[in-house]
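Asker: What follows is work28.pdb, made up of PDB, C-alpha atoms:
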ATOM      1  CA  MET A   1       0.000   0.000   0.000
ATOM      2  CA  GLU A   2       1.205   3.425  -0.889
ATOM      3  CA  ASN A   3       1.813   5.859   1.975
ATOM      4  CA  ILE A   4       0.508   9.340   1.471
ATOM      5  CA  ASP A   5       1.850  12.161   3.543
ATOM      6  CA  PHE A   6      -1.117  14.448   4.176
ATOM      7  CA  THR A   7       1.064  17.196   5.429
ATOM      8  CA  ASP A   8       2.713  17.382   2.041
ATOM      9  CA  GLY A   9       2.176  20.854   0.525
ATOM     10  CA  ASN A  10       1.822  19.658  -3.059
ATOM     11  CA  PHE A  11      -0.885  17.173  -2.193
ATOM     12  CA  GLN A  12      -2.860  19.813  -0.287
ATOM     13  CA  SER A  13      -2.663  22.372  -3.077
ATOM     14  CA  SER A  14      -3.677  19.888  -5.781
ATOM     15  CA  LYS A  15      -6.671  18.913  -3.628
ATOM     16  CA  ILE A  16      -7.644  22.579  -3.256
ATOM     17  CA  LYS A  17      -7.212  23.069  -7.014
ATOM     18  CA  SER A  18      -9.536  20.192  -7.804
ATOM     19  CA  TYR A  19     -12.130  21.519  -5.309
ATOM     20  CA  ILE A  20     -11.975  24.925  -6.992
ATOM     21  CA  LYS A  21     -12.403  23.304 -10.429
ATOM     22  CA  ILE A  22     -15.402  21.245  -9.303
ATOM     23  CA  SER A  23     -16.999  24.253  -7.564
ATOM     24  CA  PHE A  24     -16.474  26.343 -10.697
ATOM     25  CA  PHE A  25     -18.229  23.771 -12.889
ATOM     26  CA  ILE A  26     -21.105  23.390 -10.432
ATOM     27  CA  ILE A  27     -21.591  27.171 -10.202
ATOM     28  CA  ALA A  28     -21.355  27.504 -14.012
ATOM     29  CA  ALA A  29     -23.908  24.712 -14.490
ATOM     30  CA  ILE A  30     -26.346  26.285 -12.004
ATOM     31  CA  TYR A  31     -25.903  29.680 -13.649
ATOM     32  CA  LEU A  32     -26.529  28.257 -17.142
ATOM     33  CA  VAL A  33     -29.657  26.406 -16.038
ATOM     34  CA  PHE A  34     -31.043  29.545 -14.365
ATOM     35  CA  HIS A  35     -30.015  31.782 -17.252
ATOM     36  CA  TYR A  36     -31.432  29.725 -20.095
ATOM     37  CA  PHE A  37     -34.152  27.510 -18.679
ATOM     38  CA  ILE A  38     -35.806  29.345 -15.807
ATOM     39  CA  TYR A  39     -37.760  32.579 -15.758
ATOM     40  CA  TRP A  40     -37.956  33.774 -12.182
ATOM     41  CA  ASP A  41     -39.527  36.979 -10.974
ATOM     42  CA  PRO A  42     -39.709  36.741  -7.167
ATOM     43  CA  GLY A  43     -41.406  40.152  -6.854
ATOM     44  CA  GLU A  44     -44.407  38.920  -8.842
ATOM     45  CA  ASN A  45     -44.161  35.353  -7.552
ATOM     46  CA  CYS A  46     -43.568  34.174 -11.106
ATOM     47  CA  TYR A  47     -41.647  30.996 -11.828
ATOM     48  CA  ILE A  48     -41.747  29.420 -15.295
ATOM     49  CA  LYS A  49     -39.560  26.640 -16.655
ATOM     50  CA  ILE A  50     -38.514  26.952 -20.293
ATOM     51  CA  LYS A  51     -37.556  23.658 -21.869
ATOM     52  CA  PRO A  52     -34.588  23.412 -24.199
ATOM     53  CA  ALA A  53     -35.420  23.188 -27.891
ATOM     54  CA  PHE A  54     -33.343  23.092 -31.013
ATOM     55  CA  MET A  55     -35.693  25.351 -33.045
ATOM     56  CA  GLU A  56     -35.511  28.206 -30.579
ATOM     57  CA  PHE A  57     -31.721  27.921 -30.184
ATOM     58  CA  SER A  58     -31.734  30.402 -27.329
ATOM     59  CA  ASN A  59     -34.445  30.657 -24.689
ATOM     60  CA  LEU A  60     -33.465  34.234 -23.967
ATOM     61  CA  ASP A  61     -36.024  35.520 -26.499
ATOM     62  CA  MET A  62     -38.729  33.748 -24.520
ATOM     63  CA  LYS A  63     -37.473  35.329 -21.292
ATOM     64  CA  ARG A  64     -37.329  38.709 -22.985
ATOM     65  CA  ALA A  65     -40.955  38.332 -24.138
ATOM     66  CA  LEU A  66     -42.080  37.504 -20.579
ATOM     67  CA  HIS A  67     -40.107  40.431 -19.177
ATOM     68  CA  THR A  68     -41.618  42.832 -21.748
ATOM     69  CA  LEU A  69     -45.112  41.507 -21.031
ATOM     70  CA  LYS A  70     -44.615  42.363 -17.364
ATOM     71  CA  PHE A  71     -44.400  46.073 -18.184
ATOM     72  CA  ALA A  72     -46.537  46.208 -21.316
ATOM     73  CA  SER A  73     -49.583  44.410 -19.951
ATOM     74  CA  PRO A  74     -49.394  43.599 -16.212
ATOM     75  CA  GLU A  75     -52.798  41.827 -16.194
ATOM     76  CA  ASP A  76     -51.769  39.425 -18.958
ATOM     77  CA  TYR A  77     -48.425  38.875 -17.239
ATOM     78  CA  GLN A  78     -50.096  37.946 -13.964
ATOM     79  CA  ALA A  79     -52.463  35.582 -15.780
ATOM     80  CA  VAL A  80     -49.487  33.874 -17.461
ATOM     81  CA  CYS A  81     -47.568  33.590 -14.180
ATOM     82  CA  LYS A  82     -50.593  32.144 -12.391
ATOM     83  CA  ASN A  83     -51.567  29.604 -15.023
ATOM     84  CA  VAL A  84     -48.408  28.563 -16.850
ATOM     85  CA  SER A  85     -45.693  26.504 -15.197
ATOM     86  CA  THR A  86     -43.712  25.405 -18.250
ATOM     87  CA  ILE A  87     -43.081  26.730 -21.742
ATOM     88  CA  ASP A  88     -41.972  24.224 -24.339
ATOM     89  CA  PRO A  89     -40.398  25.982 -27.347
ATOM     90  CA  MET A  90     -40.706  22.908 -29.536
ATOM     91  CA  ILE A  91     -43.034  22.878 -32.525
ATOM     92  CA  GLY A  92     -46.374  21.502 -31.390
ATOM     93  CA  CYS A  93     -49.729  21.298 -33.134
ATOM     94  CA  GLY A  94     -49.560  25.052 -33.858
ATOM     95  CA  GLY A  95     -46.641  24.603 -36.243
ATOM     96  CA  PHE A  96     -43.720  26.923 -36.779
ATOM     97  CA  GLY A  97     -44.387  30.501 -35.741
ATOM     98  CA  GLY A  98     -47.363  29.529 -33.617
ATOM     99  CA  GLY A  99     -48.258  27.830 -30.402
ATOM    100  CA  CYS A 100     -50.081  24.879 -29.031
ATOM    101  CA  TYR A 101     -51.879  23.708 -25.926
ATOM    102  CA  TYR A 102     -52.674  20.130 -24.973
ATOM    103  CA  THR A 103     -55.152  19.366 -22.231
ATOM    104  CA  LYS A 104     -54.325  16.641 -19.744
ATOM    105  CA  LYS A 105     -56.935  14.510 -21.492
ATOM    106  CA  ASP A 106     -55.138  14.791 -24.861
ATOM    107  CA  ALA A 107     -51.747  13.940 -23.430
ATOM    108  CA  PRO A 108     -51.984  12.623 -19.903
ATOM    109  CA  GLN A 109     -48.585  13.661 -18.580
ATOM    110  CA  SER A 110     -48.667  15.249 -15.150
ATOM    111  CA  SER A 111     -47.608  18.823 -15.933
ATOM    112  CA  LEU A 112     -49.383  19.371 -19.234
ATOM    113  CA  GLY A 113     -52.348  21.223 -17.764
ATOM    114  CA  SER A 114     -50.139  24.235 -17.163
ATOM    115  CA  GLU A 115     -47.642  23.623 -19.956
ATOM    116  CA  ILE A 116     -47.837  25.592 -23.192
ATOM    117  CA  MET A 117     -45.911  25.194 -26.428
ATOM    118  CA  VAL A 118     -44.589  28.344 -28.061
ATOM    119  CA  SER A 119     -42.704  27.815 -31.294
ATOM    120  CA  THR A 120     -42.073  31.354 -32.441
ATOM    121  CA  SER A 121     -39.042  32.170 -34.487
ATOM    122  CA  LYS A 122     -36.047  33.822 -32.938
ATOM    123  CA  ASP A 123     -36.060  37.619 -32.752
ATOM    124  CA  ASP A 124     -39.817  38.036 -32.986
ATOM    125  CA  LEU A 125     -40.686  39.618 -29.675
ATOM    126  CA  VAL A 126     -44.266  40.614 -30.507
ATOM    127  CA  THR A 127     -45.361  37.247 -31.915
ATOM    128  CA  THR A 128     -43.784  35.464 -28.953
ATOM    129  CA  MET A 129     -45.704  37.651 -26.494
ATOM    130  CA  ALA A 130     -48.974  37.187 -28.411
ATOM    131  CA  VAL A 131     -48.596  33.398 -28.592
ATOM    132  CA  ILE A 132     -47.735  33.157 -24.873
ATOM    133  CA  VAL A 133     -50.906  35.113 -24.000
ATOM    134  CA  HIS A 134     -52.995  33.041 -26.452
ATOM    135  CA  GLU A 135     -51.822  29.689 -25.046
ATOM    136  CA  ALA A 136     -52.116  30.900 -21.448
ATOM    137  CA  CYS A 137     -55.762  31.734 -22.283
ATOM    138  CA  HIS A 138     -56.262  28.034 -23.220
ATOM    139  CA  ALA A 139     -54.596  26.968 -19.967
ATOM    140  CA  ILE A 140     -57.106  29.141 -18.070
ATOM    141  CA  GLN A 141     -60.040  27.682 -20.041
ATOM    142  CA  ASN A 142     -58.830  24.178 -19.205
ATOM    143  CA  LYS A 143     -58.323  25.033 -15.536
ATOM    144  CA  GLU A 144     -61.864  26.409 -15.327
ATOM    145  CA  GLY A 145     -63.242  23.277 -16.998
ATOM    146  CA  ARG A 146     -64.453  25.172 -20.082
ATOM    147  CA  PRO A 147     -64.087  23.992 -23.696
ATOM    148  CA  LEU A 148     -61.028  25.384 -25.483
ATOM    149  CA  SER A 149     -62.386  28.233 -27.590
ATOM    150  CA  GLU A 150     -60.044  29.668 -30.204
ATOM    151  CA  THR A 151     -62.135  32.817 -30.679
ATOM    152  CA  GLU A 152     -61.774  33.819 -27.020
ATOM    153  CA  CYS A 153     -58.010  33.315 -27.134
ATOM    154  CA  TYR A 154     -57.584  35.100 -30.473
ATOM    155  CA  GLN A 155     -59.424  38.011 -28.872
ATOM    156  CA  ALA A 156     -57.051  37.870 -25.883
ATOM    157  CA  ASP A 157     -53.900  38.124 -28.038
ATOM    158  CA  ASP A 158     -55.580  40.661 -30.342
ATOM    159  CA  MET A 159     -56.305  42.906 -27.360
ATOM    160  CA  LEU A 160     -52.694  42.612 -26.257
ATOM    161  CA  LEU A 161     -51.371  43.525 -29.707
ATOM    162  CA  ARG A 162     -53.692  46.533 -29.978
ATOM    163  CA  GLU A 163     -52.586  47.673 -26.504
ATOM    164  CA  ILE A 164     -48.820  47.329 -26.791
ATOM    165  CA  ILE A 165     -48.011  48.412 -30.332
ATOM    166  CA  ILE A 166     -47.793  52.110 -31.133
ATOM    167  CA  PHE A 167     -47.376  53.353 -34.696
TER
ATOM    168  CA  MET B   1      -4.718  16.760 -21.874
ATOM    169  CA  ASP B   2      -2.074  16.784 -24.556
ATOM    170  CA  GLY B   3      -0.278  20.179 -24.598
ATOM    171  CA  LYS B   4      -0.586  20.557 -28.375
ATOM    172  CA  LEU B   5      -4.298  19.805 -28.343
ATOM    173  CA  LYS B   6      -4.814  22.284 -25.515
ATOM    174  CA  LYS B   7      -3.030  24.969 -27.549
ATOM    175  CA  HIS B   8      -5.259  24.280 -30.584
ATOM    176  CA  LEU B   9      -8.392  24.415 -28.438
ATOM    177  CA  VAL B  10      -7.384  27.780 -26.978
ATOM    178  CA  LYS B  11      -6.662  29.106 -30.499
ATOM    179  CA  PHE B  12     -10.061  27.856 -31.694
ATOM    180  CA  ALA B  13     -11.830  29.500 -28.725
ATOM    181  CA  VAL B  14     -10.064  32.819 -29.411
ATOM    182  CA  VAL B  15     -10.983  32.750 -33.130
ATOM    183  CA  LEU B  16     -14.599  31.863 -32.276
ATOM    184  CA  THR B  17     -14.819  34.709 -29.737
ATOM    185  CA  ILE B  18     -13.404  37.213 -32.239
ATOM    186  CA  PHE B  19     -15.872  35.972 -34.867
ATOM    187  CA  PHE B  20     -18.841  36.423 -32.491
ATOM    188  CA  ILE B  21     -17.648  39.896 -31.480
ATOM    189  CA  TYR B  22     -17.318  40.803 -35.181
ATOM    190  CA  LEU B  23     -20.822  39.493 -35.916
ATOM    191  CA  ASN B  24     -22.256  41.427 -32.964
ATOM    192  CA  ILE B  25     -20.602  44.661 -34.021
ATOM    193  CA  SER B  26     -21.511  44.315 -37.688
ATOM    194  CA  TYR B  27     -25.168  43.685 -36.776
ATOM    195  CA  SER B  28     -25.396  46.644 -34.443
ATOM    196  CA  HIS B  29     -24.760  50.307 -33.923
ATOM    197  CA  PHE B  30     -21.905  50.373 -31.458
ATOM    198  CA  ASN B  31     -20.376  53.513 -30.030
ATOM    199  CA  VAL B  32     -18.481  53.329 -26.743
ATOM    200  CA  LEU B  33     -18.025  57.093 -26.412
ATOM    201  CA  ASP B  34     -21.780  57.706 -26.567
ATOM    202  CA  SER B  35     -22.564  54.554 -24.515
ATOM    203  CA  CYS B  36     -24.715  53.516 -27.422
ATOM    204  CA  PHE B  37     -25.265  49.876 -28.301
ATOM    205  CA  VAL B  38     -28.259  48.963 -30.456
ATOM    206  CA  LYS B  39     -28.617  45.561 -32.074
ATOM    207  CA  ILE B  40     -30.123  45.378 -35.549
ATOM    208  CA  LYS B  41     -31.862  42.072 -36.052
ATOM    209  CA  ALA B  42     -33.215  40.854 -39.352
ATOM    210  CA  PRO B  43     -35.262  37.673 -38.926
ATOM    211  CA  GLY B  44     -36.251  37.619 -42.625
ATOM    212  CA  LEU B  45     -34.218  37.703 -45.809
ATOM    213  CA  ASN B  46     -34.800  41.400 -46.451
ATOM    214  CA  SER B  47     -32.549  43.706 -44.503
ATOM    215  CA  ARG B  48     -31.842  47.442 -44.651
ATOM    216  CA  LYS B  49     -29.078  47.206 -42.055
ATOM    217  CA  SER B  50     -26.719  49.607 -43.804
ATOM    218  CA  GLU B  51     -29.488  52.181 -44.425
ATOM    219  CA  ILE B  52     -30.508  51.972 -40.749
ATOM    220  CA  LYS B  53     -26.883  52.405 -39.627
ATOM    221  CA  GLU B  54     -26.581  55.394 -41.943
ATOM    222  CA  ALA B  55     -29.796  56.866 -40.511
ATOM    223  CA  ILE B  56     -28.433  56.522 -36.952
ATOM    224  CA  LYS B  57     -25.285  58.367 -38.014
ATOM    225  CA  TYR B  58     -27.471  61.031 -39.647
ATOM    226  CA  LEU B  59     -29.493  61.397 -36.439
ATOM    227  CA  LYS B  60     -26.280  61.747 -34.433
ATOM    228  CA  SER B  61     -24.966  64.489 -36.691
ATOM    229  CA  THR B  62     -28.215  66.464 -37.022
ATOM    230  CA  ASP B  63     -30.031  66.111 -33.694
ATOM    231  CA  LYS B  64     -27.802  65.354 -30.668
ATOM    232  CA  GLU B  65     -30.694  65.365 -28.187
ATOM    233  CA  ALA B  66     -32.770  62.926 -30.255
ATOM    234  CA  TYR B  67     -29.710  60.688 -30.743
ATOM    235  CA  LYS B  68     -29.067  60.646 -26.995
ATOM    236  CA  ASN B  69     -32.680  59.692 -26.360
ATOM    237  CA  PHE B  70     -32.491  57.021 -29.081
ATOM    238  CA  CYS B  71     -29.446  55.449 -27.389
ATOM    239  CA  ARG B  72     -31.116  55.561 -23.987
ATOM    240  CA  GLN B  73     -34.483  54.173 -25.097
ATOM    241  CA  THR B  74     -33.478  51.586 -27.685
ATOM    242  CA  ASP B  75     -31.545  48.362 -27.344
ATOM    243  CA  SER B  76     -32.728  46.611 -30.472
ATOM    244  CA  ILE B  77     -34.231  47.257 -33.872
ATOM    245  CA  ILE B  78     -36.062  44.344 -35.454
ATOM    246  CA  GLU B  79     -36.490  44.440 -39.203
ATOM    247  CA  THR B  80     -39.927  43.021 -39.744
ATOM    248  CA  SER B  81     -43.469  44.260 -40.272
ATOM    249  CA  CYS B  82     -45.561  45.296 -37.284
ATOM    250  CA  MET B  83     -48.322  42.917 -36.245
ATOM    251  CA  GLY B  84     -50.756  45.278 -34.556
ATOM    252  CA  SER B  85     -53.657  42.829 -34.364
ATOM    253  CA  ASP B  86     -54.498  39.164 -34.851
ATOM    254  CA  TRP B  87     -55.447  38.382 -38.463
ATOM    255  CA  HIS B  88     -57.422  35.317 -37.374
ATOM    256  CA  LEU B  89     -60.304  37.554 -36.301
ATOM    257  CA  ASP B  90     -60.974  39.643 -39.412
ATOM    258  CA  GLY B  91     -58.308  38.600 -41.903
ATOM    259  CA  LYS B  92     -56.489  41.914 -41.560
ATOM    260  CA  VAL B  93     -53.355  42.942 -39.692
ATOM    261  CA  ARG B  94     -53.378  46.426 -38.211
ATOM    262  CA  GLY B  95     -50.295  48.424 -39.108
ATOM    263  CA  GLN B  96     -48.844  46.026 -41.640
ATOM    264  CA  ASP B  97     -48.306  48.916 -44.042
ATOM    265  CA  SER B  98     -46.707  51.068 -41.359
ATOM    266  CA  PRO B  99     -42.939  51.712 -41.758
ATOM    267  CA  GLY B 100     -42.431  50.759 -38.116
ATOM    268  CA  CYS B 101     -43.693  50.733 -34.570
ATOM    269  CA  TYR B 102     -42.670  50.848 -30.927
ATOM    270  CA  ILE B 103     -43.396  47.953 -28.561
ATOM    271  CA  LYS B 104     -44.557  49.114 -25.129
ATOM    272  CA  GLY B 105     -42.651  47.665 -22.175
ATOM    273  CA  SER B 106     -39.544  47.207 -24.256
ATOM    274  CA  LYS B 107     -36.641  49.097 -25.752
ATOM    275  CA  THR B 108     -37.442  47.617 -29.134
ATOM    276  CA  ILE B 109     -38.329  49.306 -32.395
ATOM    277  CA  TYR B 110     -39.737  47.414 -35.374
ATOM    278  CA  LEU B 111     -38.899  48.685 -38.851
ATOM    279  CA  ASN B 112     -40.422  47.196 -41.986
ATOM    280  CA  PRO B 113     -37.544  46.611 -44.473
ATOM    281  CA  LEU B 114     -39.883  46.421 -47.476
ATOM    282  CA  ILE B 115     -41.214  49.918 -46.796
ATOM    283  CA  LEU B 116     -37.800  51.319 -45.810
ATOM    284  CA  LYS B 117     -36.563  50.435 -49.310
ATOM    285  CA  SER B 118     -37.918  53.742 -50.636
ATOM    286  CA  PHE B 119     -36.886  55.811 -47.589
ATOM    287  CA  SER B 120     -33.925  58.171 -47.370
ATOM    288  CA  ALA B 121     -31.596  58.314 -44.342
ATOM    289  CA  ASP B 122     -33.276  61.426 -42.928
ATOM    290  CA  LYS B 123     -36.714  59.830 -43.172
ATOM    291  CA  ILE B 124     -35.525  56.682 -41.354
ATOM    292  CA  ALA B 125     -33.806  58.913 -38.778
ATOM    293  CA  GLY B 126     -37.158  60.654 -38.271
ATOM    294  CA  LEU B 127     -38.789  57.303 -37.542
ATOM    295  CA  LEU B 128     -36.063  56.375 -35.045
ATOM    296  CA  LYS B 129     -36.525  59.736 -33.336
ATOM    297  CA  ASP B 130     -40.313  59.296 -33.108
ATOM    298  CA  TYR B 131     -40.261  55.710 -31.866
ATOM    299  CA  SER B 132     -37.599  56.382 -29.236
ATOM    300  CA  ARG B 133     -39.660  59.368 -28.050
ATOM    301  CA  MET B 134     -42.601  56.955 -27.652
ATOM    302  CA  GLY B 135     -40.272  54.737 -25.597
ATOM    303  CA  ARG B 136     -39.368  57.643 -23.336
ATOM    304  CA  ASP B 137     -43.065  58.539 -22.921
ATOM    305  CA  PHE B 138     -43.874  54.950 -21.955
ATOM    306  CA  TRP B 139     -41.083  54.557 -19.400
ATOM    307  CA  ASP B 140     -41.587  58.039 -17.956
ATOM    308  CA  SER B 141     -45.353  58.115 -17.711
ATOM    309  CA  GLY B 142     -46.707  54.749 -18.863
ATOM    310  CA  LEU B 143     -48.288  56.214 -22.011
TER
END
Let's see the structure in the file written out as structure tokens.

Answerer:
Amino acid sequence: MENIDFTDGNFQSSKIKSYIKISFFIIAAIYLVFHYFIYWDPGENCYIKIKPAFMEFSNLDMKRALHTLKFASPEDYQAVCKNVSTIDPMIGCGGFGGGCYYTKKDAPQSSLGSEIMVSTSKDDLVTTMAVIVHEACHAIQNKEGRPLSETECYQADDMLLREIIIF
Amino acid sequence: MDGKLKKHLVKFAVVLTIFFIYLNISYSHFNVLDSCFVKIKAPGLNSRKSEIKEAIKYLKSTDKEAYKNFCRQTDSIIETSCMGSDWHLDGKVRGQDSPGCYIKGSKTIYLNPLILKSFSADKIAGLLKDYSRMGRDFWDSGL
């Protein structure tokens, strides 16, 4: 058996170095997860997970849309925060540039009742905001046990667009 | 890790960083002295990036106050048409023929590249001035 002298300076410093390296990677990983996959607004009690998706490339546009919604239309923002737990940026039934909402009945996974799909293209802030509000409207309809009406939700995103865009 | 491989990886990372910095600067108006950094994003194929950059320069040289406000109130310009309503309801989109718009709650200006095609630098500068004034009005008084 090999004898290790724990008082040896080199051994101690290499141990410290490896601790620093591991801590750095853990901190970097936590930062990246928070930065790209979690929208958190403690002041408004708003916590939304954003799943990774190849089509969206960066989830920062989604976070930017939520942040803009907070100031542009506080009522819509609160409704989104209250009724949406997860945003999936993958293409769903709404296709590219749209959104989608599955009820628990359609796809019986546990979180789907408050999960919306938003597959807007990168760099389109307004469409992203409108689709988030539209799909959140479906999540509310589902939560209240009402049928999913497209007209009601088109009206919700139409109202938002008329409110936030100035020519 | 092999020393040679490590050296190559570092070189690759440096080249990649320089490339990204170049891309960021070429797709933006960047002026350290004026603390002005505005990204110009073109999601579609049509782009009037150089005309927009020229218009920003024109604004800077002709109206210092408006340029200052533009830098303060704008962090990105998106080159696409404005979607001021949902077409699903009546088949029409409000503001689609508008040269641009301001998005409340943001520091974003939309400019329609198809309409800008026929615009001169001073006319685009006028739009930038107007939309950044709308931004200031929103953040100052919620209008």

Asker: Would you pick out the contacts of Phe71 in chain A at 10 Å or less, using all atoms listed in the file, so that residues sharing its chain but fewer than 5 positions from it are not included, and give the list as a PyMOL selection string?

Answerer: (chain A and resi 66+76-77+164) or (chain B and resi 104-106+138-139+142)

Asker: Give me, as a tab-separated table, each residue of chain B that comes within 7 Å of chain A, together with its shortest interatomic pair and the distance in Å at one decimal, counting all atoms listed in the file, with rows ordered by chain and rising residue number.

Answerer:
residue	atom	partner	partner_atom	distance
B:Lys41	CA	A:Asp123	CA	7.0
B:Pro43	CA	A:Asp123	CA	6.2
B:Gly84	CA	A:Leu161	CA	5.2
B:Ser85	CA	A:Asp158	CA	5.0
B:Asp86	CA	A:Asp158	CA	4.9
B:His88	CA	A:Tyr154	CA	6.9
B:Leu89	CA	A:Tyr154	CA	6.9
B:Gly100	CA	A:Phe167	CA	6.5
B:Cys101	CA	A:Phe167	CA	4.5
B:Tyr102	CA	A:Ile166	CA	5.3
B:Ile103	CA	A:Ile165	CA	5.0
B:Lys104	CA	A:Ile164	CA	4.9
B:Gly105	CA	A:Ala72	CA	4.2
B:Ser106	CA	A:Thr68	CA	5.5

Asker: Could you expand the PyMOL selection byres ((chain B and resi 67-77) around 10) into the explicit residues it covers here, written as a VMD selection string?

Answerer: (chain A and resid 123) or (chain B and resid 28 to 31 34 to 42 49 52 56 to 66 78 to 80 100 102 106 to 111 125 128 to 139)

Asker: Once the PyMOL selection byres ((chain A and resi 131-145) around 7) is applied to the coordinates I shared, what remains selected? I want it as an NGL selection string.

Answerer: :A and (76 or 80 or 83-84 or 98-101 or 103 or 113-114 or 116 or 118 or 127-130 or 146-148 or 153-154 or 156-157)

Asker: I need the chosen residues saved as a compact mmCIF listing (two decimals), in the coordinates of the input, with C-alpha atoms.

Answerer:
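Resulting contents of out08.txt:
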# COMPACT_ATOMS: atom_id res chain seq x y z
CA ASP A 76 -51.77 39.42 -18.96
CA VAL A 80 -49.49 33.87 -17.46
CA ASN A 83 -51.57 29.60 -15.02
CA VAL A 84 -48.41 28.56 -16.85
CA GLY A 98 -47.36 29.53 -33.62
CA GLY A 99 -48.26 27.83 -30.40
CA CYS A 100 -50.08 24.88 -29.03
CA TYR A 101 -51.88 23.71 -25.93
CA THR A 103 -55.15 19.37 -22.23
CA GLY A 113 -52.35 21.22 -17.76
CA SER A 114 -50.14 24.24 -17.16
CA ILE A 116 -47.84 25.59 -23.19
CA VAL A 118 -44.59 28.34 -28.06
CA THR A 127 -45.36 37.25 -31.92
CA THR A 128 -43.78 35.46 -28.95
CA MET A 129 -45.70 37.65 -26.49
CA ALA A 130 -48.97 37.19 -28.41
CA ARG A 146 -64.45 25.17 -20.08
CA PRO A 147 -64.09 23.99 -23.70
CA LEU A 148 -61.03 25.38 -25.48
CA CYS A 153 -58.01 33.32 -27.13
CA TYR A 154 -57.58 35.10 -30.47
CA ALA A 156 -57.05 37.87 -25.88
CA ASP A 157 -53.90 38.12 -28.04

Asker: Just give me the gap between CA of Lys11 in chain B and CA of Ala29 in chain A in Å, one decimal is fine.

Answerer: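 Spanning CA of Lys11 in chain B to CA of Ala29 in chain A is a straight-line distance of 23.9 Å.
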
Asker: Please indicate the distance in Å from CA of Asn59 in chain A to CA of Phe37 in chain A, rounded to one decimal place.

Answerer: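 Separation between CA of Asn59 in chain A and CA of Phe37 in chain A: 6.8 Å.
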
Asker: Could you expand the PyMOL selection byres ((chain A and resi 48) around 6) into the explicit residues it covers here, written as a PDB file with C-alpha atoms, keeping the file's coordinate frame?

Answerer:
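Now in part06.pdb:
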ATOM      1  CA  ILE A  38     -35.806  29.345 -15.807  1.00  0.00           C
ATOM      2  CA  TYR A  39     -37.760  32.579 -15.758  1.00  0.00           C
ATOM      3  CA  TYR A  47     -41.647  30.996 -11.828  1.00  0.00           C
ATOM      4  CA  LYS A  49     -39.560  26.640 -16.655  1.00  0.00           C
ATOM      5  CA  SER A  85     -45.693  26.504 -15.197  1.00  0.00           C
ATOM      6  CA  THR A  86     -43.712  25.405 -18.250  1.00  0.00           C
TER       7      THR A  86
END

Asker: How many Å lie between CA of Ile30 in chain A and CA of Lys15 in chain A, rounded to one decimal?

Answerer: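 So the answer is 22.6 Å.
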
Asker: Find, counting all atoms listed in the file, the residue in A:Cys81, A:Ile91, A:Leu60, A:Met117 that gets nearest to Asp41 in chain A.

Answerer: A:Cys81

Asker: Measuring atom to atom with all atoms listed in the file, identify which of B:Ser141, B:Arg48, B:Phe12, B:Gly91 is nearest to Ile115 in chain B.

Answerer: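 Of all the options, B:Arg48 lies closest to Ile115 in chain B.
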
Asker: Return range 123-134 of chain B, completed with N, CA and C atoms, as a tab-separated table (two decimals), keeping the file's coordinate frame.

Answerer:
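That gives us rebuild.tsv:
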chain	number	residue	atom	x	y	z
B	123	LYS	N	-35.36	60.31	-43.47
B	123	LYS	CA	-36.71	59.83	-43.17
B	123	LYS	C	-36.65	58.68	-42.15
B	124	ILE	N	-35.68	57.79	-42.32
B	124	ILE	CA	-35.52	56.68	-41.35
B	124	ILE	C	-35.12	57.26	-40.00
B	125	ALA	N	-34.23	58.27	-40.03
B	125	ALA	CA	-33.81	58.91	-38.78
B	125	ALA	C	-35.01	59.53	-38.06
B	126	GLY	N	-35.93	60.08	-38.84
B	126	GLY	CA	-37.16	60.65	-38.27
B	126	GLY	C	-37.98	59.60	-37.55
B	127	LEU	N	-38.04	58.41	-38.17
B	127	LEU	CA	-38.79	57.30	-37.54
B	127	LEU	C	-38.13	56.90	-36.22
B	128	LEU	N	-36.80	56.78	-36.26
B	128	LEU	CA	-36.06	56.38	-35.04
B	128	LEU	C	-36.29	57.39	-33.93
B	129	LYS	N	-36.30	58.66	-34.31
B	129	LYS	CA	-36.52	59.74	-33.34
B	129	LYS	C	-37.93	59.61	-32.73
B	130	ASP	N	-38.93	59.39	-33.59
B	130	ASP	CA	-40.31	59.30	-33.11
B	130	ASP	C	-40.52	58.08	-32.20
B	131	TYR	N	-40.02	56.93	-32.65
B	131	TYR	CA	-40.26	55.71	-31.87
B	131	TYR	C	-39.50	55.73	-30.53
B	132	SER	N	-38.31	56.33	-30.52
B	132	SER	CA	-37.60	56.38	-29.24
B	132	SER	C	-38.24	57.42	-28.31
B	133	ARG	N	-38.90	58.41	-28.88
B	133	ARG	CA	-39.66	59.37	-28.05
B	133	ARG	C	-40.87	58.64	-27.42
B	134	MET	N	-41.49	57.75	-28.20
B	134	MET	CA	-42.60	56.96	-27.65
B	134	MET	C	-42.10	56.09	-26.50
